[in-house]
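First up is the structure itself, then whatever we jot down about it.
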Amino acid sequence: KIAELDKMEEEERQKKQKQSYRVVLHRINGNKIPVIKIIRKFKKISLVDAKSLVEMAPVEVLCTEYQKKAEDMCQELTEVGAFAVVEFD
């Protein structure tokens with residue numbers, strides 16, 4: 001019985017480790033320049049690539065295993081007038 005509990009705990013730990021968080025940009029209300037700056041800050045991509053992402057909304061702009069990073073990006077996007085959500089698997 002202890003072996004079963006250990007196995008269940010290990011499976012649960014692996015699920016938590018493999019969880020990914022995605023930031024999905026649904027739309028931009030107003031100026032897209034601040035949104036592009038935020039995407040560049042979090043993804044470390046070129047201006048052209050960030051602009052392309054913004055123009056493709058709705059689009060996934062970040063996929064990470066760190067919940068805090070996803071939430072921070074989503075909050076910053078929301079503060080500049082974009083509609084973004086954090087989804088997780």
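Ordered as shown in the structure tokens, chains take letters A, B, and onward, while each chain numbers its residues from 1 and ligands are numbered from 1 in the order shown.
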
I'd like the contact shell of Lys51 in chain A - 9 Å cut-off, only C-alpha atoms, skipping same-chain residues fewer than 4 positions apart - returned as a PyMOL selection string. chain A and resi 32-33+35-36+39+46-47+55-56

Cut-off 10 Å: closest range 26-60 of chain A/range 82-85 of chain A atom pairs per residue, using only C-alpha atoms, as a Markdown table:
| residue | atom | partner | partner_atom | distance |
| --- | --- | --- | --- | --- |
| A:His26 | CA | A:Phe83 | CA | 5.5 |
| A:Arg27 | CA | A:Phe83 | CA | 5.3 |
| A:Ile28 | CA | A:Ala82 | CA | 4.3 |
| A:Asn29 | CA | A:Ala82 | CA | 5.6 |
| A:Gly30 | CA | A:Ala82 | CA | 8.0 |
| A:Asn31 | CA | A:Ala82 | CA | 9.1 |
| A:Lys32 | CA | A:Ala82 | CA | 8.4 |
| A:Pro34 | CA | A:Ala82 | CA | 9.4 |
| A:Val35 | CA | A:Ala82 | CA | 7.2 |
| A:Ala57 | CA | A:Ala84 | CA | 9.9 |
| A:Pro58 | CA | A:Ala84 | CA | 8.9 |
| A:Val59 | CA | A:Ala84 | CA | 9.5 |
| A:Glu60 | CA | A:Ala84 | CA | 9.3 |

Take the residues that were just selected and, keeping C-alpha atoms, output them as a compact mmCIF listing (two decimals), in the first residue's frame.
# COMPACT_ATOMS: atom_id res chain seq x y z
CA HIS A 26 -7.46 37.80 -28.03
CA ARG A 27 -7.67 41.43 -29.12
CA ILE A 28 -6.11 44.84 -28.75
CA ASN A 29 -8.18 47.85 -27.80
CA GLY A 30 -6.37 50.89 -29.10
CA ASN A 31 -2.66 51.36 -29.61
CA LYS A 32 -0.70 48.21 -30.39
CA PRO A 34 2.71 49.01 -25.97
CA VAL A 35 1.49 45.46 -26.64
CA ALA A 57 -4.69 38.09 -32.76
CA PRO A 58 -6.24 35.92 -31.44
CA VAL A 59 -2.93 34.14 -31.01
CA GLU A 60 -0.81 32.40 -28.39

Surrounding residues of Ile38 in chain A excluding itself and chain neighbours under 6 positions, 12 Å, only C-alpha atoms, as a ChimeraX atom specification: /A:25,32,44-47,50-51,53-54,61-62,70,72-82

Using only C-alpha atoms, please write the residues we just selected to a file, as an mmCIF file, in the first residue's frame.
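Below you can see again.cif, which holds the result:
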data_model
loop_
_atom_site.group_PDB
_atom_site.id
_atom_site.type_symbol
_atom_site.label_atom_id
_atom_site.label_comp_id
_atom_site.auth_asym_id
_atom_site.auth_seq_id
_atom_site.Cartn_x
_atom_site.Cartn_y
_atom_site.Cartn_z
ATOM 1 C CA LEU A 25 -3.856 37.499 -26.859
ATOM 2 C CA LYS A 32 -0.697 48.207 -30.394
ATOM 3 C CA LYS A 44 13.028 38.366 -26.551
ATOM 4 C CA ILE A 45 12.024 38.493 -30.230
ATOM 5 C CA SER A 46 12.492 41.049 -32.981
ATOM 6 C CA LEU A 47 10.205 43.996 -33.563
ATOM 7 C CA ALA A 50 6.329 40.821 -32.303
ATOM 8 C CA LYS A 51 4.340 43.030 -34.670
ATOM 9 C CA LEU A 53 2.128 38.187 -33.589
ATOM 10 C CA VAL A 54 0.037 41.157 -32.508
ATOM 11 C CA VAL A 61 1.975 34.820 -27.506
ATOM 12 C CA LEU A 62 3.748 32.856 -24.781
ATOM 13 C CA ALA A 70 2.504 33.921 -17.707
ATOM 14 C CA ASP A 72 2.816 38.805 -15.207
ATOM 15 C CA MET A 73 2.676 39.027 -19.000
ATOM 16 C CA CYS A 74 -1.106 38.742 -19.027
ATOM 17 C CA GLN A 75 -1.404 41.476 -16.394
ATOM 18 C CA GLU A 76 0.875 43.844 -18.301
ATOM 19 C CA LEU A 77 -1.040 43.238 -21.525
ATOM 20 C CA THR A 78 -4.323 43.931 -19.754
ATOM 21 C CA GLU A 79 -2.948 47.140 -18.244
ATOM 22 C CA VAL A 80 -2.215 48.561 -21.720
ATOM 23 C CA GLY A 81 -5.689 47.759 -23.004
ATOM 24 C CA ALA A 82 -5.314 44.323 -24.568
#

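Distance-wise, CA of Lys37 in chain A and CA of Lys68 in chain A end up 18.9 Å apart.
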
Would you list, as number ranges by chain, the residues of range 25-74 of chain A that end up in helix (DSSP H, G or I) under DSSP run on this structure's backbone? A: 33-43, 47-55, 67-74
